[in-house]
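Chemist: This structure is in structure tokens; I'll ask about it shortly.
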2 protein chains.
Amino acid sequence: MTVTINDVAQAAGVSKGAVSYALNGQPGVSDDTRERILRVARELGWKPNLRAKSLSSAKAFAVGLVVARDPRLLGTDPFFPAFIAGIETTLVEHEYVLVLTVAASADAEELGYRKLAADSRVDGVILTDMRVDDSRIALLKSLKIPAVTLNRPETPSPFPAVCMDDTEGIAAAVEHLVSLGHTKIGHVGGPQSYIHGRSRRLAWQNAMSKAGLEAGSFIEADFTAAGGLAATAELLRSAQRPTAIIYANDLMATAGQSYAQSLGLAVPGDLSITGYDDTELARYLNPPLTTVPADPLLWGRVAAQQLLSLLGGAPAEDIYLPSPKLVVRASTGPAPGTPNN
Amino acid sequence: MTVTINDVAQAAGVSKGAVSYALNGQPGVSDDTRERILRVARELGWKPNLRAKSLSSAKAFAVGLVVARDPRLLGTDPFFPAFIAGIETTLVEHEYVLVLTVAASADAEELGYRKLAADSRVDGVILTDMRVDDSRIALLKSLKIPAVTLNRPETPSPFPAVCMDDTEGIAAAVEHLVSLGHTKIGHVGGPQSYIHGRSRRLAWQNAMSKAGLEAGSFIEADFTAAGGLAATAELLRSAQRPTAIIYANDLMATAGQSYAQSLGLAVPGDLSITGYDDTELARYLNPPLTTVPADPLLWGRVAAQQLLSLLGGAPAEDIYLPSPKLVVRASTGPAPGTPNN
DNA sequence: AGAGTCTCCTGAACCGGTTCAGTAGAGATA
DNA sequence: TATCTCTACTGAACCGGTTCAGGAGACTCT
């Protein structure tokens with residue numbers, strides 16, 4: 001059967017304790033003995049039993065991610081799979097593992113964290129999609145689960161944050177459109193209860209006023225294609241009909257673009273469109289989408305690194321990742337009636 | 001601190017063993033005592049320690065999923081997130097948890113399974129994206145990890161399969177196009193090393209010959225937007241240029257559609273297009289995509305159920321889920337030159 | 001030489017459950 | 001009454017590690 005620490009101890013002619021010290025690099029054994037024990041362990045092909053280790057060290061060697069999202073819409077969000085892949089690249093190097101939970105409702109989300117805590121399934125968690133007044137911070141504090149947040153929430157949080165500024169990309173989109181002669185630039189945002197929904201709207205707003213323009217119409221949507229379409233429809237029939245729309249993600253932008261085209265509008269001739277995310281599909285649309293590449297892979301990798309070092313006792317310090325830059329493609333063009341320079 | 005089985009035993013005035021029997025519904029204690037123990041446990045707020053349970057019962061109370069996919073392309077596949085959500089809906093009811101691993105290469109994939117096994121992180125795994133001559137079956141057999149496969153592989157497999165027939169939907173797409181007057185119907189398939197890549201091609205081929213038509217051009221692509229575009233380009237400049245293309249997934253179909261439109265072709269006027277998956281975006285494209293809805297949520301739910309009952313000792317029996325039906329939208333229309341009836 | 005210190009190692013407790021062999025006591029049987 | 005059987009329970013071993021108190025022996029110091 002499997003070889004245990006007892007077998008190694010017996011074969012090396014020492015006690016269990018000595019073996020444990022030797023294998024963990026702890027003091028308490030002489031160099032000779034240590035070497036002998038290590039050799040015997042190698043010869044016997046000993047592998048520590050993770051479950052026993054877990055029990056005695058009270059650690060899970062796993063980190064958790066609770067994804068709160070309507071399961072039917074989950075597939076549309078390109079962020080999570082890549083983000084998870086990023087987390088994984090870090091975890092595999094540290095013999096950690098990712099425990100993933102999907103929660104359909106707010107209640108299920110809280111229950112998810114509570115269960116992970118109750119069963120000590122994980123040593124820490126990563127919080128995504130931070131919300132304004134996010135109740136998870138207090139929850140995790142009370143459950144005593146270490147955490148890392150994506151971007152720093154406005155409410156005080158004891159957890160380190162891994163930040164990637166999305167305002168710069170949105171501002172660049174506004175400036176780009178302004179330079180193309182647009183003055184009526186609308187924004188289809190995500191739910192304003194999310195800090196990234198809010199920060200993108202504020203970035204748009206600030207960039208507009210910095211350009212000396214009126215803020216223009218804003219519609220709060222929900223990051224889904226259906227929401228993007230409805231918001232687009234509303235913007236296009238409004239009195240202040242924009243000549244360009246900045247969407248808070250590619251999915252809404254794509255739905256909006258298709259909708260505008262189905263009305264007979266030319267993109268970008270009649271309407272310029274920008275997205276956010278730079279999904280794989282974005283460059284293969286007709287026209288290809290001007291957008292801002294989020295880098296979920298990097299974000300996931302760094303967030304996991306940050307969490308592991310936090311678990312290792314490192315101080316909780318925020319990390320700032322480079323701000324993604326606007327990628328200009330063919331969905332943006334001169335404002336209607338502008339001389340084509 | 002946390003209350004252990006010892007505390008319960010002491011408070012109830014019985015031994016640890018008795019408490020264990022009582023709490024697990026095992027025989028060995030009288031009804032009176034059982035009830036008393038349960039009451040005391042409830043009063044003290046006792047929760048079994050999963051780690052201790054894991055150690056003594058040699059179970060992980062977790063199932064694994066190893067996703068082998070280029071991380072950068074993972075985000076484009078709407079299947080996994082929804083599939084995972086489906087798995088979760090089952091697992092939460094059984095106090096199980098999902099351990100997710102992402103592998104970029106074939107080596108990493110094998111290593112992923114080996115690690116899960118070595119550390120006994122999971123009690124079983126779910127195999128997706130079955131391949132022709134899939135090496136994972138032998139691997140898991142040798143690692144003694146129970147598994148469930150999505151669809152039955154052609155090579156003998158001891159593991160139960162959860163099957164969802166995709167040939168019916170493809171055949172329906174062919175029939176639909178034939179009824180619209182199309183005779184040159186191409187197919188952009190997935191890698192033929194995947195059984196679902198192959199079965200969809202065969203379904204297209206069989207349906208064509210059943211309709212008395214030549215099979216037409218087939219191009220093996222890779223399920224990505226880039227691959228879909230390249231394949232479409234090749235089909236459109238071929239001598240046997242098709243008037244309709246059946247794609248093996250929505251992502252390729254979307255890229256193909258955009259590409260055709262960028263060439264000035266009308267969809268479906270000049271070219272009809274069908275996809276597979278029915279992603280959220282499909283209905284919001286211009287034109288909305290005719291496609292076949294895979295039901296990853298259901299598939300995940302049932303696969304997890306099947307795995308759990310396998311772990312519970314149930315015999316390994318295949319399960320057949322209802323075949324998804326073609327959803328006709330506006331990306332398909334009469335063949336060019338056909339009188340519009 | 002005797003006391004003190006240091007290194008190296010042992011044995012046992014511990015983490016918190018499960019499980020098994022064994023026993024006390026009640027009830028049935030002869 | 002002696003024997004057998006059955007139920008209800010106990011105590012301890014066990015899962016496979018970690019950790020701690022303490023002891024043996026070598027070495028230093030006075």
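Quick note on naming: the chains in the structure tokens go A, B, ... in the order shown, residues restart at 1 in each chain, and ligands are numbered from 1 in order of appearance.
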What does chain A look like after a least-squares fit onto chain B on every Cα paired in order, written as a CSV table (one decimal) with C-alpha atoms, in the first residue's frame?

Modeler:
chain,number,residue,atom,x,y,z
A,1,MET,CA,-13.4,27.2,20.5
A,2,THR,CA,-15.0,24.7,18.2
A,3,VAL,CA,-16.9,21.9,19.7
A,4,THR,CA,-15.6,18.4,18.9
A,5,ILE,CA,-17.1,15.0,19.2
A,6,ASN,CA,-15.3,14.6,22.6
A,7,ASP,CA,-17.2,17.5,24.0
A,8,VAL,CA,-20.5,16.0,22.9
A,9,ALA,CA,-19.5,12.6,24.4
A,10,GLN,CA,-18.6,14.2,27.7
A,11,ALA,CA,-21.7,16.3,27.8
A,12,ALA,CA,-23.9,13.3,27.0
A,13,GLY,CA,-22.1,11.1,29.4
A,14,VAL,CA,-21.1,8.5,26.7
A,15,SER,CA,-18.0,7.5,24.8
A,16,LYS,CA,-16.8,9.0,21.5
A,17,GLY,CA,-17.7,5.8,19.7
A,18,ALA,CA,-21.3,6.0,20.8
A,19,VAL,CA,-21.6,9.6,19.6
A,20,SER,CA,-20.2,8.6,16.3
A,21,TYR,CA,-22.7,5.8,15.9
A,22,ALA,CA,-25.5,8.0,17.0
A,23,LEU,CA,-24.7,10.8,14.6
A,24,ASN,CA,-24.2,8.6,11.6
A,25,GLY,CA,-27.4,6.7,12.1
A,26,GLN,CA,-25.4,3.5,12.7
A,27,PRO,CA,-26.8,0.7,14.9
A,28,GLY,CA,-25.1,0.2,18.2
A,29,VAL,CA,-26.9,2.7,20.4
A,30,SER,CA,-30.5,2.5,21.9
A,31,ASP,CA,-33.0,4.9,20.6
A,32,ASP,CA,-33.1,6.8,23.9
A,33,THR,CA,-29.4,7.3,24.0
A,34,ARG,CA,-29.3,8.2,20.3
A,35,GLU,CA,-31.9,10.9,20.9
A,36,ARG,CA,-30.1,12.3,23.9
A,37,ILE,CA,-26.8,12.4,22.0
A,38,LEU,CA,-28.4,14.2,19.1
A,39,ARG,CA,-30.0,16.7,21.4
A,40,VAL,CA,-26.8,17.4,23.2
A,41,ALA,CA,-25.0,17.7,19.8
A,42,ARG,CA,-27.6,20.2,18.7
A,43,GLU,CA,-27.4,22.2,21.9
A,44,LEU,CA,-23.7,22.4,21.7
A,45,GLY,CA,-23.8,23.4,18.1
A,46,TRP,CA,-21.6,20.6,17.0
A,47,LYS,CA,-20.4,20.4,13.4
A,48,PRO,CA,-18.3,17.5,12.2
A,49,ASN,CA,-14.8,18.4,11.3
A,50,LEU,CA,-14.4,17.7,7.6
A,51,ARG,CA,-10.7,17.2,7.8
A,52,ALA,CA,-10.9,14.6,10.5
A,53,LYS,CA,-13.7,12.9,8.6
A,54,SER,CA,-11.6,13.0,5.5
A,55,LEU,CA,-8.6,11.4,7.3
A,56,SER,CA,-10.4,8.6,8.9
A,57,SER,CA,-12.9,7.8,6.1
A,58,ALA,CA,-10.3,8.4,3.4
A,59,LYS,CA,-12.7,10.5,1.4
A,60,ALA,CA,-12.3,14.0,0.1
A,61,PHE,CA,-15.9,15.0,-0.3
A,62,ALA,CA,-14.9,16.8,-3.5
A,63,VAL,CA,-15.1,16.1,-7.2
A,64,GLY,CA,-12.6,17.3,-9.8
A,65,LEU,CA,-12.7,18.9,-13.2
A,66,VAL,CA,-9.6,19.3,-15.2
A,67,VAL,CA,-10.2,21.8,-18.1
A,68,ALA,CA,-7.6,21.4,-20.8
A,69,ARG,CA,-7.8,24.5,-22.9
A,70,ASP,CA,-5.5,27.3,-23.8
A,71,PRO,CA,-6.2,29.8,-21.0
A,72,ARG,CA,-6.5,32.7,-23.4
A,73,LEU,CA,-9.2,30.9,-25.4
A,74,LEU,CA,-11.0,29.6,-22.3
A,75,GLY,CA,-12.9,32.8,-22.0
A,76,THR,CA,-14.4,32.4,-25.4
A,77,ASP,CA,-16.1,29.0,-24.7
A,78,PRO,CA,-19.5,29.5,-23.2
A,79,PHE,CA,-19.7,25.9,-22.4
A,80,PHE,CA,-17.6,25.6,-19.3
A,81,PRO,CA,-19.0,28.3,-17.0
A,82,ALA,CA,-22.5,27.0,-17.5
A,83,PHE,CA,-21.4,23.4,-17.2
A,84,ILE,CA,-19.6,24.2,-14.0
A,85,ALA,CA,-22.7,26.0,-12.7
A,86,GLY,CA,-24.7,22.9,-13.4
A,87,ILE,CA,-22.3,20.7,-11.6
A,88,GLU,CA,-22.5,23.0,-8.6
A,89,THR,CA,-26.3,22.8,-8.4
A,90,THR,CA,-25.9,19.1,-7.7
A,91,LEU,CA,-22.9,19.3,-5.4
A,92,VAL,CA,-24.3,21.9,-3.0
A,93,GLU,CA,-27.1,19.5,-2.1
A,94,HIS,CA,-24.6,16.8,-1.1
A,95,GLU,CA,-22.0,18.8,0.8
A,96,TYR,CA,-19.6,18.2,-2.0
A,97,VAL,CA,-17.3,20.7,-3.5
A,98,LEU,CA,-15.8,21.2,-6.9
A,99,VAL,CA,-12.0,21.4,-7.3
A,100,LEU,CA,-11.2,23.0,-10.6
A,101,THR,CA,-7.9,22.7,-12.5
A,102,VAL,CA,-6.9,24.4,-15.7
A,103,ALA,CA,-4.3,22.8,-17.9
A,104,ALA,CA,-2.7,24.5,-20.8
A,105,SER,CA,-1.0,21.5,-22.4
A,106,ALA,CA,-1.5,17.7,-22.6
A,107,ASP,CA,1.3,17.2,-20.2
A,108,ALA,CA,-0.2,19.6,-17.7
A,109,GLU,CA,-3.5,17.9,-18.1
A,110,GLU,CA,-2.1,14.5,-17.1
A,111,LEU,CA,-0.1,16.1,-14.3
A,112,GLY,CA,-3.3,17.7,-13.1
A,113,TYR,CA,-5.0,14.3,-12.8
A,114,ARG,CA,-2.0,12.8,-11.2
A,115,LYS,CA,-1.8,15.5,-8.6
A,116,LEU,CA,-5.5,15.3,-7.7
A,117,ALA,CA,-4.9,11.6,-7.3
A,118,ALA,CA,-1.7,11.8,-5.4
A,119,ASP,CA,-3.1,14.2,-2.8
A,120,SER,CA,-6.5,12.5,-3.0
A,121,ARG,CA,-8.0,15.9,-3.5
A,122,VAL,CA,-11.1,14.4,-5.1
A,123,ASP,CA,-13.2,11.3,-4.9
A,124,GLY,CA,-14.0,11.3,-8.6
A,125,VAL,CA,-13.7,13.4,-11.8
A,126,ILE,CA,-15.8,14.4,-14.7
A,127,LEU,CA,-14.3,14.1,-18.2
A,128,THR,CA,-15.3,16.6,-20.8
A,129,ASP,CA,-14.3,17.1,-24.4
A,130,MET,CA,-13.8,13.4,-25.0
A,131,ARG,CA,-11.2,12.6,-27.6
A,132,VAL,CA,-10.8,9.8,-30.0
A,133,ASP,CA,-8.5,7.2,-28.2
A,134,ASP,CA,-8.7,9.2,-25.1
A,135,SER,CA,-5.6,8.5,-23.0
A,136,ARG,CA,-7.4,9.8,-19.9
A,137,ILE,CA,-9.4,6.7,-19.5
A,138,ALA,CA,-6.4,4.4,-19.0
A,139,LEU,CA,-4.8,7.1,-16.8
A,140,LEU,CA,-7.8,7.3,-14.5
A,141,LYS,CA,-8.2,3.6,-14.4
A,142,SER,CA,-4.6,3.3,-13.3
A,143,LEU,CA,-5.0,6.0,-10.8
A,144,LYS,CA,-8.1,4.3,-9.5
A,145,ILE,CA,-10.2,7.5,-9.8
A,146,PRO,CA,-13.9,7.0,-10.6
A,147,ALA,CA,-15.1,9.1,-13.4
A,148,VAL,CA,-18.0,10.1,-15.6
A,149,THR,CA,-17.6,10.9,-19.2
A,150,LEU,CA,-19.6,13.3,-21.4
A,151,ASN,CA,-20.8,11.1,-24.1
A,152,ARG,CA,-19.6,7.6,-24.6
A,153,PRO,CA,-16.1,7.3,-26.1
A,154,GLU,CA,-15.5,4.9,-28.9
A,155,THR,CA,-12.8,3.1,-27.0
A,156,PRO,CA,-14.0,0.8,-24.2
A,157,SER,CA,-14.5,2.8,-21.0
A,158,PRO,CA,-15.5,1.4,-17.6
A,159,PHE,CA,-16.9,4.7,-16.7
A,160,PRO,CA,-20.6,5.7,-17.0
A,161,ALA,CA,-21.3,8.3,-19.6
A,162,VAL,CA,-23.9,11.1,-19.7
A,163,CYS,CA,-24.9,11.4,-23.3
A,164,MET,CA,-26.4,14.2,-25.2
A,165,ASP,CA,-26.8,13.5,-28.9
A,166,ASP,CA,-25.6,16.3,-31.1
A,167,THR,CA,-26.1,14.6,-34.4
A,168,GLU,CA,-29.8,15.2,-34.4
A,169,GLY,CA,-29.4,19.0,-34.2
A,170,ILE,CA,-26.8,19.0,-37.0
A,171,ALA,CA,-29.0,16.7,-39.1
A,172,ALA,CA,-31.9,19.1,-38.5
A,173,ALA,CA,-29.8,22.0,-39.7
A,174,VAL,CA,-29.0,20.2,-42.9
A,175,GLU,CA,-32.6,19.3,-43.5
A,176,HIS,CA,-33.6,22.9,-42.8
A,177,LEU,CA,-31.1,24.2,-45.3
A,178,VAL,CA,-32.1,21.6,-47.9
A,179,SER,CA,-35.7,22.6,-47.5
A,180,LEU,CA,-34.6,26.2,-48.2
A,181,GLY,CA,-33.2,25.0,-51.5
A,182,HIS,CA,-29.5,24.8,-50.6
A,183,THR,CA,-27.5,22.0,-52.2
A,184,LYS,CA,-24.0,23.2,-51.5
A,185,ILE,CA,-23.7,23.1,-47.8
A,186,GLY,CA,-20.3,23.2,-46.2
A,187,HIS,CA,-19.2,22.3,-42.8
A,188,VAL,CA,-16.7,24.0,-40.5
A,189,GLY,CA,-16.0,21.5,-37.9
A,190,GLY,CA,-14.0,21.3,-34.6
A,191,PRO,CA,-10.9,19.2,-34.3
A,192,GLN,CA,-11.6,15.7,-35.4
A,193,SER,CA,-9.6,14.4,-32.5
A,194,TYR,CA,-12.6,15.3,-30.4
A,195,ILE,CA,-15.5,12.9,-30.5
A,196,HIS,CA,-18.0,15.8,-30.7
A,197,GLY,CA,-15.9,17.3,-33.5
A,198,ARG,CA,-16.2,14.1,-35.3
A,199,SER,CA,-19.8,13.2,-34.6
A,200,ARG,CA,-20.9,16.6,-35.9
A,201,ARG,CA,-19.0,16.1,-39.1
A,202,LEU,CA,-20.5,12.6,-39.6
A,203,ALA,CA,-23.9,13.9,-38.8
A,204,TRP,CA,-23.6,16.6,-41.5
A,205,GLN,CA,-22.2,14.0,-43.9
A,206,ASN,CA,-24.9,11.5,-43.3
A,207,ALA,CA,-27.7,14.0,-43.5
A,208,MET,CA,-26.3,15.3,-46.8
A,209,SER,CA,-26.2,11.8,-48.4
A,210,LYS,CA,-29.6,11.1,-47.0
A,211,ALA,CA,-30.8,14.2,-48.8
A,212,GLY,CA,-29.2,12.8,-52.0
A,213,LEU,CA,-26.5,15.5,-52.0
A,214,GLU,CA,-22.8,15.4,-52.3
A,215,ALA,CA,-21.1,15.9,-49.0
A,216,GLY,CA,-19.6,19.2,-50.0
A,217,SER,CA,-16.6,20.9,-48.5
A,218,PHE,CA,-15.5,20.2,-45.0
A,219,ILE,CA,-12.8,22.2,-43.1
A,220,GLU,CA,-11.4,21.2,-39.8
A,221,ALA,CA,-11.1,24.2,-37.6
A,222,ASP,CA,-10.4,24.6,-33.9
A,223,PHE,CA,-13.6,26.0,-32.3
A,224,THR,CA,-12.0,29.5,-32.1
A,225,ALA,CA,-13.1,32.7,-33.9
A,226,ALA,CA,-9.8,32.9,-35.7
A,227,GLY,CA,-10.2,29.4,-36.9
A,228,GLY,CA,-13.7,30.0,-38.0
A,229,LEU,CA,-12.7,33.0,-40.0
A,230,ALA,CA,-9.9,31.2,-41.7
A,231,ALA,CA,-12.1,28.2,-42.6
A,232,THR,CA,-14.8,30.5,-43.9
A,233,ALA,CA,-12.3,32.3,-46.1
A,234,GLU,CA,-11.2,29.0,-47.5
A,235,LEU,CA,-14.7,27.8,-48.2
A,236,LEU,CA,-15.7,31.0,-49.9
A,237,ARG,CA,-12.8,31.1,-52.3
A,238,SER,CA,-13.2,27.4,-53.2
A,239,ALA,CA,-14.5,26.2,-56.5
A,240,GLN,CA,-17.4,24.4,-54.8
A,241,ARG,CA,-18.3,27.6,-53.0
A,242,PRO,CA,-21.2,26.7,-50.6
A,243,THR,CA,-24.4,28.7,-50.2
A,244,ALA,CA,-24.7,27.6,-46.6
A,245,ILE,CA,-22.2,26.7,-43.9
A,246,ILE,CA,-22.9,24.6,-40.8
A,247,TYR,CA,-20.5,25.5,-38.1
A,248,ALA,CA,-19.7,23.2,-35.2
A,249,ASN,CA,-20.1,26.1,-32.7
A,250,ASP,CA,-21.4,29.6,-32.4
A,251,LEU,CA,-18.1,31.3,-32.0
A,252,MET,CA,-16.8,30.1,-35.4
A,253,ALA,CA,-20.2,30.8,-36.9
A,254,THR,CA,-20.2,34.4,-35.6
A,255,ALA,CA,-16.7,35.0,-36.9
A,256,GLY,CA,-17.6,33.5,-40.2
A,257,GLN,CA,-20.8,35.6,-40.4
A,258,SER,CA,-18.9,38.8,-39.7
A,259,TYR,CA,-16.3,37.9,-42.2
A,260,ALA,CA,-18.8,37.1,-44.9
A,261,GLN,CA,-20.5,40.4,-44.2
A,262,SER,CA,-17.2,42.3,-44.4
A,263,LEU,CA,-16.8,40.9,-47.9
A,264,GLY,CA,-20.1,42.4,-48.8
A,265,LEU,CA,-22.0,39.2,-48.7
A,266,ALA,CA,-25.5,39.3,-47.3
A,267,VAL,CA,-26.5,36.8,-44.6
A,268,PRO,CA,-28.6,34.9,-45.3
A,269,GLY,CA,-29.2,36.4,-48.8
A,270,ASP,CA,-25.9,35.2,-50.2
A,271,LEU,CA,-24.8,32.8,-47.4
A,272,SER,CA,-26.8,31.0,-44.8
A,273,ILE,CA,-25.1,30.2,-41.5
A,274,THR,CA,-25.9,27.9,-38.6
A,275,GLY,CA,-24.0,27.5,-35.3
A,276,TYR,CA,-24.0,25.2,-32.3
A,277,ASP,CA,-24.4,26.1,-28.6
A,278,ASP,CA,-27.0,28.9,-28.7
A,279,THR,CA,-24.9,31.3,-26.7
A,280,GLU,CA,-26.6,34.3,-25.2
A,281,LEU,CA,-25.1,36.4,-27.9
A,282,ALA,CA,-26.5,34.3,-30.8
A,283,ARG,CA,-29.9,35.8,-30.7
A,284,TYR,CA,-28.5,39.4,-30.5
A,285,LEU,CA,-26.4,39.2,-33.6
A,286,ASN,CA,-27.3,40.8,-36.9
A,287,PRO,CA,-28.8,38.6,-38.2
A,288,PRO,CA,-29.6,36.4,-35.2
A,289,LEU,CA,-28.0,33.0,-35.5
A,290,THR,CA,-29.8,29.8,-36.3
A,291,THR,CA,-28.2,27.3,-34.0
A,292,VAL,CA,-28.6,24.3,-31.8
A,293,PRO,CA,-28.8,24.9,-28.0
A,294,ALA,CA,-26.5,22.7,-26.0
A,295,ASP,CA,-27.7,22.6,-22.5
A,296,PRO,CA,-24.5,22.7,-20.4
A,297,LEU,CA,-26.3,23.5,-17.2
A,298,LEU,CA,-28.4,20.3,-17.4
A,299,TRP,CA,-25.5,18.3,-18.6
A,300,GLY,CA,-23.3,19.4,-15.7
A,301,ARG,CA,-26.1,18.8,-13.2
A,302,VAL,CA,-26.7,15.3,-14.4
A,303,ALA,CA,-23.0,14.4,-14.8
A,304,ALA,CA,-22.5,15.4,-11.2
A,305,GLN,CA,-25.5,13.4,-10.0
A,306,GLN,CA,-24.2,10.4,-12.0
A,307,LEU,CA,-20.7,10.7,-10.4
A,308,LEU,CA,-22.1,11.0,-6.9
A,309,SER,CA,-24.2,7.9,-7.3
A,310,LEU,CA,-21.3,6.1,-8.7
A,311,LEU,CA,-19.3,7.1,-5.7
A,312,GLY,CA,-22.2,5.8,-3.6
A,313,GLY,CA,-21.7,2.4,-5.1
A,314,ALA,CA,-24.4,2.5,-7.8
A,315,PRO,CA,-23.7,0.5,-11.0
A,316,ALA,CA,-22.1,2.3,-13.9
A,317,GLU,CA,-25.0,2.9,-16.3
A,318,ASP,CA,-25.1,5.4,-19.1
A,319,ILE,CA,-27.7,8.2,-19.0
A,320,TYR,CA,-29.2,9.7,-22.1
A,321,LEU,CA,-30.3,13.3,-22.1
A,322,PRO,CA,-32.9,14.7,-24.6
A,323,SER,CA,-31.3,15.7,-27.9
A,324,PRO,CA,-31.3,19.5,-28.4
A,325,LYS,CA,-33.5,20.8,-31.2
A,326,LEU,CA,-32.5,23.3,-33.9
A,327,VAL,CA,-33.5,26.9,-33.2
A,328,VAL,CA,-34.2,28.7,-36.5
A,329,ARG,CA,-33.4,32.4,-36.6
A,330,ALA,CA,-32.6,34.8,-39.3
A,331,SER,CA,-29.1,33.7,-40.4
A,332,THR,CA,-30.6,31.0,-42.6
A,333,GLY,CA,-32.8,31.7,-45.6
A,334,PRO,CA,-33.6,30.6,-49.1
A,335,ALA,CA,-30.7,29.6,-51.3
A,336,PRO,CA,-29.6,32.4,-53.8
A,337,GLY,CA,-31.7,32.2,-56.9
A,338,THR,CA,-34.5,30.2,-55.2
A,339,PRO,CA,-38.0,31.6,-55.7
A,340,ASN,CA,-39.0,32.9,-52.3
A,341,ASN,CA,-42.1,30.9,-51.3

Chemist: If you count only C-alpha atoms (C1' of nucleotides), which residues fall within 12 Å of D:DA13, apart from same-chain ones fewer than 4 positions away, as a compact mmCIF listing (two decimals) with N, CA and C atoms (P, O5', C5', C4', C3', O3' and C1' of nucleotides), in the first residue's frame?

Modeler:
# COMPACT_ATOMS: atom_id res chain seq x y z
P DT C 18 -17.40 10.09 12.11
O5' DT C 18 -16.40 8.86 11.91
C5' DT C 18 -15.76 8.67 10.66
C4' DT C 18 -15.06 7.33 10.65
C3' DT C 18 -15.99 6.12 10.79
O3' DT C 18 -15.51 5.13 9.88
C1' DT C 18 -14.34 6.06 12.48
P DT C 19 -16.45 3.88 9.49
O5' DT C 19 -15.78 2.71 10.33
C5' DT C 19 -14.37 2.57 10.30
C4' DT C 19 -13.95 1.52 11.31
C3' DT C 19 -14.98 0.41 11.55
O3' DT C 19 -14.28 -0.82 11.65
C1' DT C 19 -14.36 1.36 13.59
P DC C 20 -14.99 -2.18 11.21
O5' DC C 20 -14.09 -3.22 12.02
C5' DC C 20 -12.77 -2.83 12.45
C4' DC C 20 -12.52 -3.31 13.86
C3' DC C 20 -13.38 -4.52 14.26
O3' DC C 20 -12.58 -5.44 14.97
C1' DC C 20 -13.61 -2.84 15.86
P DA C 21 -12.96 -6.99 14.95
O5' DA C 21 -12.33 -7.49 16.33
C5' DA C 21 -11.13 -6.87 16.81
C4' DA C 21 -11.18 -6.79 18.33
C3' DA C 21 -11.79 -8.02 19.01
O3' DA C 21 -11.03 -8.31 20.17
C1' DA C 21 -13.01 -6.10 19.63

Chemist: Provide as number ranges by chain the residues of chain D at most 8 Å from chain A, counting only C-alpha atoms (C1' of nucleotides).

Modeler: D: 15-18

Chemist: Could you work out which residues of chain C fall inside 7 Å of chain A? Count only C-alpha atoms (C1' of nucleotides), and format the result as an MDAnalysis selection string.

Modeler: chainID C and resid 8:10 15

Chemist: Find the distance between atom C1' of C:DT5 and atom C1' of D:DT19 and write it in Å to one decimal.

Modeler: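 Those two atoms sit 23.0 Å apart.
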
Chemist: Env of D:DC6: 10 Å cut, atoms = only C-alpha atoms (C1' of nucleotides), seq-sep filter 2 positions within chain, self excluded. Answer as a ChimeraX atom specification.

Modeler: /C:26-28 /D:4,8

Chemist: Could the residues in this selection be written to a file with C-alpha atoms (C1' of nucleotides), as a PDB file, in the first residue's frame?

Modeler:
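Writing the result to selection_16.pdb gives the following:
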ATOM      1  C1'  DA C  26     -30.921  -7.906  30.390  1.00  0.00           C
ATOM      2  C1'  DG C  27     -33.761 -11.393  28.685  1.00  0.00           C
ATOM      3  C1'  DA C  28     -34.560 -16.004  26.765  1.00  0.00           C
TER       4       DA C  28
ATOM      5  C1'  DC D   4     -26.677 -18.819  25.946  1.00  0.00           C
ATOM      6  C1'  DA D   8     -26.051  -1.276  24.050  1.00  0.00           C
TER       7       DA D   8
END

Chemist: Interatomic distance between atom C1' of D:DA2 and atom C1' of C:DT29?

Modeler: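 These atoms are spaced 10.6 Å apart.
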
Chemist: In terms of the shortest atom-to-atom distance over only C-alpha atoms (C1' of nucleotides), which of D:DC20, D:DT5, D:DC27, D:DC14 is closest to C:DC14?

Modeler: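 Answer, going by the shortest atom-to-atom distance: D:DC20.
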
Chemist: Quote the spacing between atom C1' of D:DA26 and atom C1' of C:DG2 in Å to one decimal place.

Modeler: 15.1 Å
